[in-house]
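One structure is given here, and the rest of the page talks about it.
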Amino acid sequence: MGFSTALSGLKAASTSLQVLGNNIANSQTTGFKQSRAEFADVYSNSLGGVSKTQPGAGVKTTEVAQQFNQGNIEPTQNSLDLAISGNGFFVLSDAADGIPSAYTRNGAFQLDPKGNVITDQGQYLLAYAPNGKTVEAGFSTGVFKPITIDTAQGLPTATANINIKSNLDSTSIAKDPALFVDPTASPPTYNNTTSVTIYDSQGSPHILTTYYVKDTAAANTWQAYEFLDGFGINAADPADPASISTATALNTPGTPITLVFDTSGALSTVNGLASTKVHFGNLDFSTTINPALKVDLMNFEVNFAGGTQYATPFSVNGLNQDGLPAGNLSGIEVDGEGVVYARYTNGGSKPLGQVALARFQSNQALAKLGDTNWGQSSGAGAPIYGAAGDNNFGDIQSAALEGSNVDLAEQLVKLIISQQAYQANSQTITTEKTLMQTILNA
């Protein structure tokens with residue numbers, strides 16, 4: 001009888017229409033992956049196998065397979081919108097315990113009241129915890145944690161390194177360093193000066209000033225005096241980390257730093273050593289500089305590397321330090337490797353984690369959970385975890401979302417074809433009915 005064959009065709013066409021309708025309905029769903037109905041023919045087998053004259057028993061649906069080709073990357077204005085360009089899924093957890101429960105390509109994330117990065121369904125985005133305060137310290141790959149945005153102030157950072165790269169004019173008139181007893185004296189008893197703001201452990205600013213005096217006693221030799229908030233300071237013993245730097249009275253110089261240049265104008269030695277760094281260790285602000293301040297001991301190095309003595313006017317070609325005052329959270333940034341940074345108004349930043357990605361041996365075998373989420377299954381294999389850009393994982397683009405991979409025009413054409421198939425199978429049933437009626441009326 002042809003009724004069962006035509007009925008199977010109706011079911012197949014109906015399934016195709018449902019799949020196409022679902023694709024069309026989700027053509028604007030972020031991270032959606034279109035499905036494709038797959039069919040196979042059916043034959044009635046006997047003990048002797050399928051006869052050469054067997055007409056076939058219809059069609060059956062073998063799979064509704066999702067197609068994981070890349071969707072278009074669409075820019076947004078939200079830094080927490082993330083898109084994966086290439087292979088991989090975001091790893092989600094239903095609880096803050098960091099246990100993966102679902103995987104998605106929908107990167108439309110937001111913050112909950114506690115500062116956790118979540119999906120619109122309240123699931124936590126998982127990341128690898130940072131090992132330290134810098135990206136160079138790495139991340140604990142394989143140890144998952146929800147990403148939490150700390151809205152508290154950024155911690156201050158005490159200055160540890162100061163780099164001064166300056167050119168001292170070789171044609172300057174030499175001065176007797178013994179006459180440099182007060183930097184505020186007039187006329188000046190020094191040749192040049194430069195200053196930089198540095199910070200203590202509480203983020204309080206201090207002015208470090210360097211005065212340069214071209215020495216009359218030796219050729220190509222300069223004496224550099226360091227003053228902190230107007231107090232002269234003496235370098236510590238570079239060979240003894242526990243040695244203490246001392247300070248003099250206000251506007252009174254300490255022991256100078258001797259800078260010697262070679263005949264080509266390059267810095268040769270600092271205090272008679274090849275090292276260009278001068279260490280100031282365990283400088284106690286609360287007793288020697290300003291008794292009103294109650295801060296930790298200051299430890300920093302002044303590096304004169306790159307200094308020159310050319311017959312050109314004095315210039316500061318590089319002057320920087322690595323300290324920071326306290327700052328407020330100014331924004332969140334995610335780089336191409338999925339590292340999430342908190343940016344602060346003081347110019348500092350710190351990594352909050354690296355977004356975890358997962359991939360599978362067979363994406364099509366993943367369990368469909370809805371809400372553009374997929375779950376692990378035996379057919380898909382165990383998840384392989386990693387980070388963006390590594391081990392066959394795609395890159396992450398911030399302030400962007402991956403759109404649906406549905407081609408609307410293509411789906412509409414297939415919809416017409418499936419509709420015609422449905423009508424054709426209906427006509428088969430009508431024809432079969434007519435034949436049966438003819439037989440019954442005979």
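By order of appearance in the structure tokens: chains A, B, ..., then residues from 1 within every chain, and ligands from 1 in the order shown.
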Can you build me a table of region 137-243 of chain A residues sitting at most 12 Å from region 382-389 of chain A, with the closest atom pair per residue and its distance in Å to one decimal, using only C-alpha atoms, sorted by chain and residue number, as JSON lines?
{"residue": "A:Gly138", "atom": "CA", "partner": "A:Ala387", "partner_atom": "CA", "distance": 11.8}
{"residue": "A:Phe139", "atom": "CA", "partner": "A:Ala387", "partner_atom": "CA", "distance": 10.1}
{"residue": "A:Ser140", "atom": "CA", "partner": "A:Gly386", "partner_atom": "CA", "distance": 10.8}
{"residue": "A:Thr141", "atom": "CA", "partner": "A:Gly386", "partner_atom": "CA", "distance": 7.2}
{"residue": "A:Gly142", "atom": "CA", "partner": "A:Tyr385", "partner_atom": "CA", "distance": 7.2}
{"residue": "A:Val143", "atom": "CA", "partner": "A:Tyr385", "partner_atom": "CA", "distance": 10.4}
{"residue": "A:Phe144", "atom": "CA", "partner": "A:Tyr385", "partner_atom": "CA", "distance": 10.4}
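Residues in contact with Asp237 (chain A) at up to 9 Å, not including ones fewer than 2 positions away on its chain and judged by only C-alpha atoms, are A:Ala235, A:Ala239, A:Asp240, A:Pro241, A:Ala242, A:Ser243, A:Ile244, A:Ser245, A:Val278, A:His279, A:Phe280, A:Gly281.
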Kindly save the residues from that selection, with N, CA and C atoms included, as a tab-separated table (two decimals), in the first residue's frame.
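Dumped everything to selection.tsv:
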chain	number	residue	atom	x	y	z
A	235	ALA	N	72.35	57.33	48.80
A	235	ALA	CA	72.14	55.98	48.29
A	235	ALA	C	72.54	54.95	49.31
A	239	ALA	N	75.29	46.43	47.38
A	239	ALA	CA	75.58	45.03	47.65
A	239	ALA	C	74.85	44.50	48.86
A	240	ASP	N	74.17	45.37	49.60
A	240	ASP	CA	73.49	44.97	50.82
A	240	ASP	C	72.02	45.39	50.77
A	241	PRO	N	71.10	44.45	50.45
A	241	PRO	CA	69.68	44.80	50.34
A	241	PRO	C	69.09	45.36	51.63
A	242	ALA	N	69.71	45.07	52.76
A	242	ALA	CA	69.18	45.53	54.04
A	242	ALA	C	69.73	46.89	54.45
A	243	SER	N	70.65	47.43	53.66
A	243	SER	CA	71.24	48.71	54.04
A	243	SER	C	70.19	49.82	53.96
A	244	ILE	N	70.43	50.88	54.74
A	244	ILE	CA	69.44	51.94	54.90
A	244	ILE	C	69.94	53.22	54.25
A	245	SER	N	69.04	53.85	53.48
A	245	SER	CA	69.34	55.16	52.93
A	245	SER	C	68.99	56.21	53.98
A	278	VAL	N	71.24	53.00	40.81
A	278	VAL	CA	71.61	53.42	42.15
A	278	VAL	C	70.45	53.07	43.08
A	279	HIS	N	70.75	52.34	44.15
A	279	HIS	CA	69.71	51.82	45.04
A	279	HIS	C	69.50	52.72	46.24
A	280	PHE	N	68.22	53.01	46.52
A	280	PHE	CA	67.84	53.72	47.74
A	280	PHE	C	66.96	52.77	48.53
A	281	GLY	N	67.49	52.26	49.64
A	281	GLY	CA	66.81	51.19	50.36
A	281	GLY	C	66.37	51.56	51.75
Exercise. Within 8 Å of Phe89 (chain A), counting only C-alpha atoms, which residues qualify if same-chain residues fewer than 5 places away don't, as an NGL selection string?
Worked result: :A and (84 or 103-105 or 357-359)
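Picture a line from CA of Thr252 (chain A) to CA of Glu226 (chain A); it runs 10.2 Å.
Atom pair CA of Leu179 (chain A) / CA of Val213 (chain A) has a distance of 9.9 Å (rounded to one decimal).
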For this session: Name all residues at most 7 Å from region 333-348 of chain A (count only C-alpha atoms; drop same-chain ones fewer than 4 positions away) and give them as number ranges by chain.
Result: A: 79, 154, 324-329, 352-355, 387-389, 395-398
For this session: Mind listing the helix (DSSP H, G or I) residues of region 239-362 of chain A, per DSSP on the backbone, as an NGL selection string?
Result: :A and (285-289)
Please, could you write that set of residues out with N, CA and C atoms as a tab-separated table (two decimals), in the first residue's frame?
chain	number	residue	atom	x	y	z
A	285	PHE	N	60.25	57.33	55.65
A	285	PHE	CA	59.67	58.67	55.51
A	285	PHE	C	59.25	59.23	56.86
A	286	SER	N	58.73	58.38	57.73
A	286	SER	CA	58.09	58.87	58.95
A	286	SER	C	59.08	59.48	59.94
A	287	THR	N	60.35	59.16	59.80
A	287	THR	CA	61.33	59.71	60.75
A	287	THR	C	62.33	60.66	60.11
A	288	THR	N	62.67	60.40	58.85
A	288	THR	CA	63.74	61.20	58.24
A	288	THR	C	63.25	62.26	57.28
A	289	ILE	N	62.07	62.06	56.70
A	289	ILE	CA	61.57	63.00	55.71
A	289	ILE	C	60.44	63.85	56.26
Exercise. For Tyr199 (chain A), which residue out of A:Asn161, A:Thr269, A:Gln376, A:Asn441 is the nearest one, using only C-alpha atoms?
Worked result: A:Asn161
Problem set entry | All residues 10 Å or closer to region 399-405 of chain A, only C-alpha atoms, same chain fewer than 4 positions away omitted, as a PyMOL selection string | chain A and resi 23+26-35+67-85+105-109+333-334
What would the file look like if the residues just selected were written as a compact mmCIF listing (two decimals), in the first residue's frame with N, CA and C atoms?
# COMPACT_ATOMS: atom_id res chain seq x y z
N ASN A 23 14.91 27.75 11.98
CA ASN A 23 16.05 28.53 11.51
C ASN A 23 15.65 29.97 11.21
N ASN A 26 15.04 32.07 14.24
CA ASN A 26 16.25 32.42 14.98
C ASN A 26 17.29 33.10 14.11
N SER A 27 16.87 33.68 13.01
CA SER A 27 17.83 34.33 12.12
C SER A 27 18.49 35.55 12.76
N GLN A 28 17.89 36.08 13.85
CA GLN A 28 18.46 37.21 14.54
C GLN A 28 18.94 36.87 15.95
N THR A 29 19.00 35.58 16.26
CA THR A 29 19.42 35.15 17.59
C THR A 29 20.94 35.08 17.68
N THR A 30 21.51 35.78 18.64
CA THR A 30 22.97 35.81 18.80
C THR A 30 23.52 34.43 19.10
N GLY A 31 24.53 34.03 18.34
CA GLY A 31 25.20 32.76 18.57
C GLY A 31 24.43 31.55 18.12
N PHE A 32 23.29 31.74 17.41
CA PHE A 32 22.48 30.60 16.98
C PHE A 32 23.16 29.88 15.82
N LYS A 33 23.03 28.55 15.82
CA LYS A 33 23.56 27.73 14.73
C LYS A 33 22.40 27.02 14.04
N GLN A 34 22.29 27.22 12.73
CA GLN A 34 21.17 26.65 11.99
C GLN A 34 21.24 25.12 11.96
N SER A 35 20.06 24.51 11.78
CA SER A 35 19.97 23.06 11.71
C SER A 35 19.64 22.62 10.30
N GLN A 67 24.62 23.10 12.16
CA GLN A 67 25.76 23.49 11.34
C GLN A 67 26.55 24.57 12.07
N PHE A 68 27.78 24.25 12.43
CA PHE A 68 28.56 25.15 13.29
C PHE A 68 29.51 26.03 12.49
N ASN A 69 29.12 26.41 11.28
CA ASN A 69 29.94 27.36 10.55
C ASN A 69 29.85 28.74 11.20
N GLN A 70 30.85 29.58 10.95
CA GLN A 70 30.98 30.88 11.61
C GLN A 70 29.86 31.82 11.22
N GLY A 71 29.29 32.52 12.21
CA GLY A 71 28.35 33.59 11.95
C GLY A 71 29.09 34.91 11.79
N ASN A 72 28.39 35.91 11.30
CA ASN A 72 29.01 37.22 11.11
C ASN A 72 29.33 37.87 12.46
N ILE A 73 30.48 38.53 12.54
CA ILE A 73 30.87 39.27 13.74
C ILE A 73 30.34 40.70 13.62
N GLU A 74 29.51 41.08 14.56
CA GLU A 74 28.85 42.38 14.50
C GLU A 74 29.33 43.23 15.68
N PRO A 75 29.91 44.42 15.42
CA PRO A 75 30.41 45.27 16.52
C PRO A 75 29.28 45.84 17.36
N THR A 76 29.58 46.05 18.66
CA THR A 76 28.64 46.65 19.60
C THR A 76 29.38 47.74 20.38
N GLN A 77 28.71 48.31 21.35
CA GLN A 77 29.33 49.34 22.19
C GLN A 77 29.60 48.85 23.61
N ASN A 78 29.42 47.55 23.84
CA ASN A 78 29.57 46.99 25.19
C ASN A 78 30.82 46.13 25.24
N SER A 79 31.76 46.48 26.11
CA SER A 79 33.03 45.74 26.19
C SER A 79 32.84 44.32 26.70
N LEU A 80 31.70 44.03 27.35
CA LEU A 80 31.43 42.68 27.83
C LEU A 80 30.76 41.81 26.78
N ASP A 81 30.46 42.37 25.62
CA ASP A 81 30.01 41.55 24.49
C ASP A 81 31.23 40.91 23.86
N LEU A 82 31.24 39.58 23.79
CA LEU A 82 32.39 38.85 23.29
C LEU A 82 31.98 37.95 22.13
N ALA A 83 32.83 37.88 21.13
CA ALA A 83 32.59 37.01 19.99
C ALA A 83 33.82 36.15 19.75
N ILE A 84 33.58 34.88 19.45
CA ILE A 84 34.67 33.96 19.12
C ILE A 84 34.79 33.88 17.61
N SER A 85 35.96 34.20 17.10
CA SER A 85 36.23 34.07 15.68
C SER A 85 37.07 32.81 15.48
N ARG A 105 27.98 29.88 22.22
CA ARG A 105 28.66 30.84 21.34
C ARG A 105 28.05 32.23 21.51
N ASN A 106 27.04 32.33 22.35
CA ASN A 106 26.38 33.61 22.61
C ASN A 106 27.19 34.39 23.63
N GLY A 107 27.87 35.42 23.19
CA GLY A 107 28.75 36.18 24.08
C GLY A 107 28.14 37.46 24.62
N ALA A 108 26.82 37.54 24.69
CA ALA A 108 26.16 38.74 25.23
C ALA A 108 26.13 38.63 26.75
N PHE A 109 27.20 39.11 27.39
CA PHE A 109 27.32 38.98 28.84
C PHE A 109 27.00 40.31 29.52
N GLU A 333 38.25 45.77 29.90
CA GLU A 333 38.78 45.51 28.56
C GLU A 333 39.13 44.04 28.43
N VAL A 334 38.83 43.46 27.28
CA VAL A 334 39.14 42.06 27.00
C VAL A 334 39.97 42.01 25.73
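The residue that comes closest to Gly86 (chain A), out of A:Leu20, A:Asp390, A:Asn303, A:Gln419 and on the basis of only C-alpha atoms, is A:Asp390.
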Excluding region 166-174 of chain A and residues on its chain fewer than 5 positions from it, collect all residues at most 6 Å away from it, counting only C-alpha atoms, and give them as a PDB file with C-alpha atoms, in the first residue's frame.
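Once everything was written out, this is result.pdb:
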ATOM      1  CA  LYS A 214      79.581  69.316  36.000  1.00  0.00           C
ATOM      2  CA  ASP A 215      82.667  68.512  38.063  1.00  0.00           C
ATOM      3  CA  THR A 216      85.675  70.804  37.805  1.00  0.00           C
ATOM      4  CA  GLY A 307      72.484  58.894  29.551  1.00  0.00           C
ATOM      5  CA  THR A 308      74.779  60.836  27.231  1.00  0.00           C
ATOM      6  CA  GLN A 309      77.141  63.809  27.231  1.00  0.00           C
ATOM      7  CA  TYR A 310      76.976  65.466  23.834  1.00  0.00           C
ATOM      8  CA  ALA A 311      77.651  69.023  22.762  1.00  0.00           C
ATOM      9  CA  THR A 312      73.930  69.761  22.556  1.00  0.00           C
ATOM     10  CA  PRO A 313      71.630  71.518  25.054  1.00  0.00           C
ATOM     11  CA  PHE A 314      70.496  69.615  28.142  1.00  0.00           C
ATOM     12  CA  SER A 315      67.457  67.431  27.426  1.00  0.00           C
ATOM     13  CA  VAL A 316      65.493  64.711  29.154  1.00  0.00           C
ATOM     14  CA  ASN A 317      64.920  61.986  26.562  1.00  0.00           C
TER      15      ASN A 317
END
For this session: For region 428-433 of chain A, list every protein, DNA or RNA residue within 7 Å, evaluated using only C-alpha atoms, and leave out those in the same chain fewer than 2 positions away; present the list as a PyMOL selection string.
Result: chain A and resi 2-3+6+424-426+435-437
